[in-house]
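Quick look at final.txt (compact mmCIF, C-alpha atoms):
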```
# COMPACT_ATOMS: atom_id res chain seq x y z
CA MET A 1 88.40 86.56 78.99
CA ASP A 2 91.26 86.92 81.47
CA VAL A 3 90.92 86.69 85.22
CA SER A 4 92.52 89.34 87.40
CA PHE A 5 92.45 90.15 91.11
CA PHE A 6 91.50 93.21 93.14
CA THR A 7 91.17 93.75 96.85
CA MET A 8 90.32 96.90 98.77
CA PRO A 9 90.42 95.02 101.28
CA ILE A 10 87.92 95.03 104.19
CA HIS A 11 88.79 93.04 107.30
CA PRO A 12 87.19 92.68 110.75
CA VAL A 13 88.30 95.67 112.79
CA ASP A 14 89.43 93.41 115.65
CA LYS A 15 91.58 91.19 113.42
CA PRO A 16 95.33 91.70 113.95
CA ILE A 17 96.59 94.02 111.22
CA SER A 18 99.74 91.96 110.77
CA GLN A 19 97.59 88.90 110.03
CA SER A 20 95.41 90.81 107.57
CA LEU A 21 98.43 92.11 105.65
CA ARG A 22 100.08 88.70 105.63
CA GLU A 23 96.96 87.05 104.22
CA ASP A 24 96.48 89.80 101.65
CA ARG A 25 100.05 89.27 100.43
CA GLU A 26 99.47 85.53 100.26
CA ALA A 27 96.42 86.09 98.07
CA PHE A 28 98.52 88.04 95.56
CA LEU A 29 101.26 85.42 95.57
CA LEU A 30 98.64 82.74 94.99
CA ALA A 31 97.09 84.77 92.16
CA ASP A 32 100.52 84.96 90.52
CA ARG A 33 101.01 81.19 90.76
CA LEU A 34 97.51 80.55 89.40
CA GLY A 35 98.00 82.74 86.33
CA PHE A 36 95.83 85.72 87.25
CA LYS A 37 96.81 88.39 84.73
CA GLU A 38 96.66 91.49 86.96
CA GLY A 39 96.40 92.23 90.67
CA TYR A 40 95.29 95.52 92.24
CA VAL A 41 95.19 96.70 95.85
CA GLY A 42 93.50 99.77 97.30
CA GLU A 43 94.62 102.13 100.04
CA HIS A 44 93.09 104.17 102.84
CA THR A 45 94.71 106.00 105.73
CA THR A 46 91.81 106.34 108.17
CA ASP A 47 90.02 102.98 108.11
CA LEU A 48 90.77 100.12 110.51
CA ALA A 49 88.91 97.70 108.25
CA GLU A 50 90.66 98.78 105.04
CA ASN A 51 94.12 98.76 106.56
CA VAL A 52 96.44 98.95 103.56
CA THR A 53 97.57 102.54 104.02
CA SER A 54 99.87 102.64 100.96
CA CYS A 55 99.21 100.52 97.90
CA VAL A 56 102.66 101.45 96.55
CA ALA A 57 104.38 100.12 99.69
CA PHE A 58 102.23 96.99 99.70
CA LEU A 59 103.03 96.21 96.05
CA ALA A 60 106.71 96.90 96.60
CA SER A 61 106.66 94.03 99.12
CA LEU A 62 105.54 91.75 96.26
CA ALA A 63 107.82 93.00 93.52
CA TYR A 64 110.57 90.40 93.86
CA GLU A 65 108.33 87.52 94.92
CA THR A 66 106.00 87.53 91.90
CA GLU A 67 106.95 86.50 88.38
CA ASN A 68 104.18 87.02 85.86
CA ILE A 69 101.25 88.97 87.29
CA ARG A 70 101.03 92.68 86.50
CA LEU A 71 100.54 94.55 89.75
CA GLY A 72 98.51 97.73 89.99
CA THR A 73 97.67 100.46 92.46
CA GLY A 74 93.96 100.33 93.01
CA THR A 75 94.10 103.21 93.56
CA VAL A 76 96.50 106.00 94.51
CA ASN A 77 94.12 108.66 95.82
CA LEU A 78 95.82 111.65 94.23
CA PRO A 79 94.36 114.58 96.25
CA ASN A 80 95.90 113.06 99.38
CA SER A 81 99.52 113.09 98.18
CA HIS A 82 101.93 115.53 96.59
CA PRO A 83 102.27 114.85 92.83
CA ALA A 84 106.07 114.84 92.98
CA ALA A 85 106.01 112.20 95.73
CA VAL A 86 103.63 110.03 93.72
CA ALA A 87 105.70 110.47 90.54
CA GLY A 88 108.86 109.34 92.29
CA GLN A 89 107.35 106.46 94.25
CA VAL A 90 105.38 105.07 91.31
CA ALA A 91 108.35 105.34 88.96
CA MET A 92 110.49 103.45 91.48
CA LEU A 93 107.86 100.71 91.78
CA ASP A 94 107.71 100.44 87.99
CA HIS A 95 111.48 99.82 87.97
CA MET A 96 111.21 97.27 90.77
CA LEU A 97 108.63 95.38 88.72
CA GLU A 98 110.55 95.96 85.46
CA GLY A 99 107.36 97.14 83.78
CA ARG A 100 104.86 94.67 85.29
CA PHE A 101 102.91 97.61 86.65
CA ASN A 102 99.63 99.45 86.04
CA PHE A 103 99.08 102.87 87.58
CA GLY A 104 95.59 102.99 89.10
CA ILE A 105 94.41 106.45 90.12
CA SER A 106 91.32 108.12 91.57
CA PRO A 107 90.15 111.19 93.52
CA GLY A 108 89.57 108.93 96.54
CA GLY A 109 86.17 108.08 97.96
CA LEU A 110 86.70 107.75 101.71
CA LEU A 111 85.47 110.92 103.38
CA SER A 112 87.52 110.44 106.55
CA ASP A 113 90.66 110.35 104.40
CA ALA A 114 89.60 113.61 102.77
CA GLU A 115 89.05 115.15 106.19
CA VAL A 116 92.37 114.05 107.64
CA PHE A 117 94.25 115.40 104.62
CA GLY A 118 92.36 118.68 104.75
CA ASN A 119 90.51 118.43 101.42
CA LEU A 120 87.03 117.45 102.59
CA GLU A 121 85.54 120.72 101.37
CA ALA A 122 87.87 121.04 98.37
CA ASP A 123 87.12 120.16 94.75
CA ARG A 124 88.86 116.78 94.86
CA ASN A 125 88.08 116.06 91.22
CA ALA A 126 89.95 119.24 90.26
CA MET A 127 92.82 118.21 92.56
CA PHE A 128 92.82 114.78 90.94
CA VAL A 129 93.10 116.20 87.42
CA GLU A 130 95.80 118.68 88.41
CA GLY A 131 97.70 115.95 90.24
CA ILE A 132 97.80 113.44 87.39
CA ASN A 133 98.64 116.17 84.88
CA MET A 134 101.61 117.23 87.01
CA ILE A 135 102.77 113.63 87.42
CA LEU A 136 102.70 113.10 83.67
CA ASP A 137 104.45 116.44 83.10
CA ILE A 138 107.21 115.43 85.52
CA TRP A 139 107.71 112.14 83.71
CA ALA A 140 107.60 113.72 80.25
CA GLY A 141 109.67 116.79 81.08
CA ASP A 142 113.04 117.73 82.43
CA ALA A 143 114.05 119.30 85.72
CA PRO A 144 113.61 121.86 87.18
CA TYR A 145 109.96 121.42 85.93
CA ASN A 146 108.46 124.76 87.08
CA LEU A 147 104.87 123.49 87.25
CA LYS A 148 102.29 125.81 88.77
CA GLY A 149 98.70 124.90 89.58
CA ASP A 150 95.88 125.84 91.90
CA HIS A 151 96.88 123.25 94.49
CA TRP A 152 100.60 122.52 94.01
CA GLN A 153 103.72 124.15 92.67
CA ILE A 154 106.67 122.01 91.62
CA THR A 155 110.22 123.08 90.90
CA THR A 156 113.83 122.24 91.83
CA GLU A 157 115.23 125.34 90.20
CA LYS A 158 117.01 126.73 93.26
CA THR A 159 118.66 123.47 94.32
CA MET A 160 119.53 121.60 91.11
CA MET A 161 122.98 120.09 90.73
CA PRO A 162 122.62 118.17 87.47
CA GLU A 163 126.25 117.03 87.44
CA ILE A 164 125.51 114.73 90.40
CA GLY A 165 121.85 114.04 89.57
CA GLN A 166 120.30 116.23 92.25
CA GLY A 167 116.99 117.86 91.45
CA THR A 168 115.57 115.28 89.02
CA VAL A 169 112.69 112.85 89.65
CA ILE A 170 113.30 109.42 88.12
CA LYS A 171 111.24 108.47 85.09
CA PRO A 172 109.27 105.21 84.94
CA TYR A 173 110.62 101.96 83.54
CA GLN A 174 107.83 101.89 80.94
CA ASP A 175 108.01 104.50 78.20
CA PRO A 176 106.42 106.99 78.36
CA HIS A 177 104.72 105.76 81.54
CA PRO A 178 102.82 102.76 82.96
CA PRO A 179 99.30 102.05 81.65
CA ILE A 180 96.81 104.17 83.58
CA VAL A 181 93.57 102.72 84.89
CA GLY A 182 90.81 104.17 87.03
CA THR A 183 87.91 102.75 89.00
CA ALA A 184 84.40 103.56 87.80
CA VAL A 185 81.97 103.71 90.72
CA ALA A 186 79.01 105.66 89.36
CA PRO A 187 76.21 104.87 86.90
CA PHE A 188 76.80 106.45 83.46
CA SER A 189 80.21 107.52 84.72
CA LYS A 190 81.56 110.66 83.06
CA GLY A 191 84.92 109.60 84.44
CA VAL A 192 84.92 106.58 82.13
CA THR A 193 84.52 108.89 79.13
CA ALA A 194 87.27 111.21 80.34
CA MET A 195 89.63 108.30 81.02
CA ALA A 196 89.02 106.67 77.66
CA ALA A 197 89.56 109.95 75.83
CA ARG A 198 93.04 110.17 77.37
CA GLY A 199 93.95 106.58 76.55
CA TRP A 200 93.29 105.22 80.04
CA GLU A 201 91.20 102.15 80.89
CA PRO A 202 88.37 101.64 83.43
CA ILE A 203 87.66 99.05 86.10
CA SER A 204 83.95 98.84 86.87
CA ALA A 205 83.54 98.42 90.63
CA ASN A 206 82.21 95.22 92.20
CA PHE A 207 79.60 97.13 94.21
CA LEU A 208 77.65 98.31 91.17
CA LEU A 209 74.42 96.67 90.05
CA PRO A 210 74.67 94.97 86.63
CA LYS A 211 72.41 97.67 85.18
CA TRP A 212 74.94 100.36 86.10
CA VAL A 213 77.95 98.30 85.03
CA ALA A 214 76.31 98.03 81.60
CA SER A 215 76.08 101.84 81.46
CA HIS A 216 79.88 102.09 81.42
CA TRP A 217 80.44 100.57 77.98
CA PRO A 218 78.65 103.35 76.01
CA LYS A 219 80.57 105.92 78.04
CA TYR A 220 83.81 104.13 77.23
CA VAL A 221 82.94 104.08 73.51
CA GLU A 222 82.17 107.79 73.69
CA GLY A 223 85.57 108.49 75.24
CA CYS A 224 87.43 106.34 72.74
CA GLU A 225 85.77 108.24 69.90
CA LEU A 226 86.92 111.52 71.48
CA GLY A 227 90.43 110.09 71.74
CA ASN A 228 90.35 108.79 68.18
CA ARG A 229 91.05 105.20 69.16
CA PRO A 230 89.14 101.93 68.85
CA ALA A 231 86.89 100.84 71.71
CA ASP A 232 88.15 97.36 72.53
CA PRO A 233 86.10 95.29 75.01
CA GLY A 234 89.34 93.52 75.84
CA ASN A 235 90.46 96.63 77.72
CA TRP A 236 87.35 96.78 79.93
CA ARG A 237 87.85 95.37 83.42
CA VAL A 238 84.81 94.40 85.48
CA ALA A 239 85.10 93.44 89.15
CA LYS A 240 82.77 90.97 90.88
CA SER A 241 82.49 89.46 94.34
CA ILE A 242 82.78 85.73 93.74
CA PHE A 243 83.07 82.71 96.01
CA VAL A 244 83.63 79.23 94.60
CA ALA A 245 83.50 76.01 96.61
CA ASP A 246 83.51 72.32 95.83
CA ASP A 247 79.90 71.95 96.97
CA GLU A 248 76.88 74.23 96.95
CA ALA A 249 76.19 73.99 100.67
CA THR A 250 79.65 75.25 101.61
CA ALA A 251 79.44 78.04 99.05
CA LYS A 252 76.07 79.25 100.32
CA ARG A 253 77.06 79.03 103.98
CA TYR A 254 80.28 81.03 103.54
CA ALA A 255 78.94 83.62 101.09
CA THR A 256 75.69 84.35 102.95
CA ASP A 257 76.83 84.12 106.59
CA PRO A 258 75.69 87.44 108.17
CA ASN A 259 79.03 87.66 109.98
CA GLY A 260 81.08 86.22 107.13
CA PRO A 261 83.52 88.12 104.91
CA TYR A 262 81.17 88.69 101.96
CA VAL A 263 78.16 90.03 103.82
CA SER A 264 80.42 92.00 106.16
CA TYR A 265 82.10 93.60 103.14
CA TYR A 266 78.80 94.84 101.74
CA ARG A 267 77.58 95.88 105.19
CA SER A 268 80.59 98.20 105.36
CA ILE A 269 80.07 99.49 101.80
CA VAL A 270 76.33 100.10 102.30
CA THR A 271 76.98 101.89 105.60
CA LYS A 272 79.53 104.19 103.98
CA MET A 273 77.33 104.87 100.96
CA ARG A 274 74.29 105.57 103.15
CA ARG A 275 76.31 108.08 105.20
CA GLY A 276 77.72 109.64 102.03
CA GLY A 277 74.34 109.92 100.26
CA ARG A 278 75.32 107.48 97.50
CA LEU A 279 72.81 104.67 97.89
CA ASN A 280 71.75 105.29 94.29
CA LEU A 281 74.43 102.75 93.36
CA PHE A 282 72.18 100.03 94.77
CA LYS A 283 68.91 101.21 93.23
CA GLU A 284 67.50 99.80 90.01
CA ASP A 285 64.93 102.60 90.21
CA GLN A 286 66.44 105.95 91.22
CA ASN A 287 63.07 106.99 92.72
CA MET A 288 63.42 104.23 95.30
CA ALA A 289 63.63 105.51 98.89
CA ASP A 290 66.93 105.12 100.70
CA ASP A 291 65.18 103.27 103.52
CA ASP A 292 64.13 100.60 101.03
CA VAL A 293 67.76 99.71 100.23
CA THR A 294 68.51 96.63 102.35
CA LEU A 295 71.71 94.72 102.90
CA ASP A 296 70.00 91.44 101.97
CA ASP A 297 68.95 92.79 98.58
CA VAL A 298 72.40 94.22 97.89
CA CYS A 299 74.07 90.90 98.71
CA ASP A 300 71.55 88.94 96.64
CA GLN A 301 72.33 91.08 93.61
CA LEU A 302 76.08 91.47 93.95
CA ILE A 303 77.55 88.24 95.37
CA ILE A 304 78.09 85.32 92.99
CA TYR A 305 78.64 82.00 94.76
CA GLY A 306 78.36 78.28 94.11
CA THR A 307 80.21 75.35 92.58
CA PRO A 308 82.49 75.96 89.58
CA ASP A 309 79.74 75.07 87.09
CA SER A 310 77.19 77.25 88.85
CA VAL A 311 79.54 80.20 89.13
CA ALA A 312 80.52 79.93 85.47
CA ASP A 313 76.83 79.98 84.50
CA GLN A 314 76.16 83.02 86.72
CA ILE A 315 79.11 84.93 85.26
CA LEU A 316 78.01 84.14 81.72
CA ALA A 317 74.50 85.37 82.60
CA PHE A 318 76.05 88.54 84.04
CA ARG A 319 78.03 88.98 80.83
CA GLU A 320 74.82 88.73 78.84
CA LYS A 321 73.43 91.65 80.87
CA VAL A 322 76.44 93.97 80.73
CA GLY A 323 78.11 93.04 77.44
CA ASP A 324 81.52 91.67 76.52
CA PHE A 325 84.56 92.59 78.63
CA GLY A 326 88.15 91.44 78.65
CA HIS A 327 89.05 91.11 82.33
CA LEU A 328 86.91 89.52 85.01
CA VAL A 329 88.39 90.99 88.17
CA TYR A 330 87.93 88.63 91.11
CA ALA A 331 87.38 90.74 94.23
CA GLY A 332 89.41 89.57 97.20
CA HIS A 333 87.68 89.38 100.57
CA ASP A 334 88.89 88.64 104.07
CA TRP A 335 90.05 85.07 104.58
CA ALA A 336 87.81 84.24 107.53
CA ASP A 337 88.59 80.64 106.56
CA PRO A 338 91.98 80.69 104.81
CA GLU A 339 91.51 77.22 103.35
CA LEU A 340 88.21 78.18 101.73
CA GLY A 341 89.62 81.53 100.60
CA ARG A 342 92.52 79.85 98.84
CA ARG A 343 90.34 77.09 97.41
CA SER A 344 87.95 79.62 95.88
CA MET A 345 90.81 81.27 93.97
CA VAL A 346 92.12 77.90 92.79
CA LEU A 347 88.70 76.81 91.53
CA MET A 348 88.23 80.19 89.88
CA ALA A 349 91.45 79.86 87.91
CA GLU A 350 91.38 76.14 87.18
CA LYS A 351 87.67 75.43 86.71
CA VAL A 352 85.54 78.54 86.28
CA ILE A 353 87.59 80.59 83.81
CA PRO A 354 88.28 77.63 81.47
CA ALA A 355 84.54 76.84 81.44
CA ILE A 356 83.71 80.47 80.65
CA LYS A 357 86.26 80.62 77.85
CA GLU A 358 84.91 77.42 76.34
CA ALA A 359 81.35 78.72 76.49
CA ILE A 360 82.39 81.97 74.81
CA ARG A 361 84.31 80.12 72.09
CA ALA A 362 81.47 77.71 71.31
CA PRO A 363 79.03 80.26 69.75
CA ALA A 364 81.90 81.77 67.76
CA ALA A 365 82.79 78.35 66.36
CA VAL A 366 79.15 77.69 65.41
CA ALA A 367 78.93 81.10 63.70
CA GLN A 368 81.91 80.23 61.51
```
Please express the file's structure as structure tokens.
Amino acid sequence: MDVSFFTMPIHPVDKPISQSLREDREAFLLADRLGFKEGYVGEHTTDLAENVTSCVAFLASLAYETENIRLGTGTVNLPNSHPAAVAGQVAMLDHMLEGRFNFGISPGGLLSDAEVFGNLEADRNAMFVEGINMILDIWAGDAPYNLKGDHWQITTEKTMMPEIGQGTVIKPYQDPHPPIVGTAVAPFSKGVTAMAARGWEPISANFLLPKWVASHWPKYVEGCELGNRPADPGNWRVAKSIFVADDEATAKRYATDPNGPYVSYYRSIVTKMRRGGRLNLFKEDQNMADDDVTLDDVCDQLIIYGTPDSVADQILAFREKVGDFGHLVYAGHDWADPELGRRSMVLMAEKVIPAIKEAIRAPAAVAQ
């Protein structure tokens, strides 16, 4: 099992944005030094708490300061941008990283973003599919493209000057394109099946109950069968909110503080899901009333915290519930206490993951 990193992120709305961005960058640089395999960052335009407005721009700021970690958009919300712009910007970032890049995509889930970009009432899933298809066609094809869809039309036919390079969008560094990943945020996600059928890989969101995370593997297998490729658990990425401390008291205090970064994160998520009619994500029983979904219950079920040994045991128990997966994606949260935030990542990489790997190896050795 590899450890990777993902942050949306969610910060206090009164925290200076420059400080938030600086700390978010530091977390990625630390993840690189600690050997985290991948690192993803989200984007939103209309959210003071989630204040990374361009994941491509944010990752570009890390391109020449990281050495080993693969960086990924998490995600580019395709209905909100022109496909040609995304194709060019993502290809440039892939060159800056010399192939250490994963292309994370989604329809976007923040309703205020959809409203500000004028697609609140549109079929954003259809826009998403058309957008990624056009991006891939641009990368695979040659100018002037002449792509026509329901939402966008793309051509440089009238203005091409091939002798000087004008009219052509650059192709990615990776051939034929960067690996494509998508977030899975729904129980029994049909999106997981569709992604797997096209050769893409899923990240199961850290705000899903274990029961619904487990529902993603059969959908992934179904998609791999449609795509005529093996279903490898090593390609499944599962995100979790985790806090590790040197002692249990510190871990509990920081992870359960009503005004701390972990509870505040889920308060924001629950508020958004309640407004958007998506509280089913937090219901073991879908007949449960929305009013019965409480923040305390959500946090109890979704936040893993403790000492390295305790956290390793909790993650192994989680793995027993959902099945084998290849990437444990550590969800980054606001560094209300930067020292504790950094220490948690260090303990995760140096103590928790080695213990998990050893525990996984031990039954295999006995079986042999």
For Val86 of chain A, find every residue with an atom within 10 Å (counting all atoms listed in the file), except residues of its own chain fewer than 2 positions away, and show them as a list of chain:residue names.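 Close residues of Val86 of chain A: A:Val56, A:Val76, A:Asn77, A:Leu78, A:Ser81, A:His82, A:Pro83, A:Ala84, A:Gly88, A:Gln89, A:Val90, A:Ala91, A:Met92, A:Gly131, A:Ile132, A:Ile135.
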To one decimal place in Å, what is the distance between atom CA of Phe103 of chain A and atom CA of Thr73 of chain A?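 Atom CA of Thr73 of chain A lies at a distance of 5.6 Å from atom CA of Phe103 of chain A.
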If we count all atoms listed in the file, what is near Glu130 of chain A at a cut-off of 7 Å, once residues fewer than 4 positions away on the same chain are taken out, given as a CSV table (one decimal) with C-alpha atoms, in the coordinates of the input?
```csv
chain,number,residue,atom,x,y,z
A,126,ALA,CA,90.0,119.2,90.3
A,134,MET,CA,101.6,117.2,87.0
A,149,GLY,CA,98.7,124.9,89.6
```
For a quick check of understanding, using only C-alpha atoms, which of A:Ala251, A:Gly323, A:Ala194, A:Tyr330 has the smallest distance to Asp232 of chain A?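 Among the listed residues, the smallest separation from Asp232 of chain A belongs to A:Gly323.
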Go through A:Glu358, A:Asp142, A:Glu65, A:Asp150 one by one, measure the shortest atom-to-atom distance of each to Pro162 of chain A using only C-alpha atoms, and give the residue with the smallest value.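 Smallest distance to Pro162 of chain A is found for A:Asp142.
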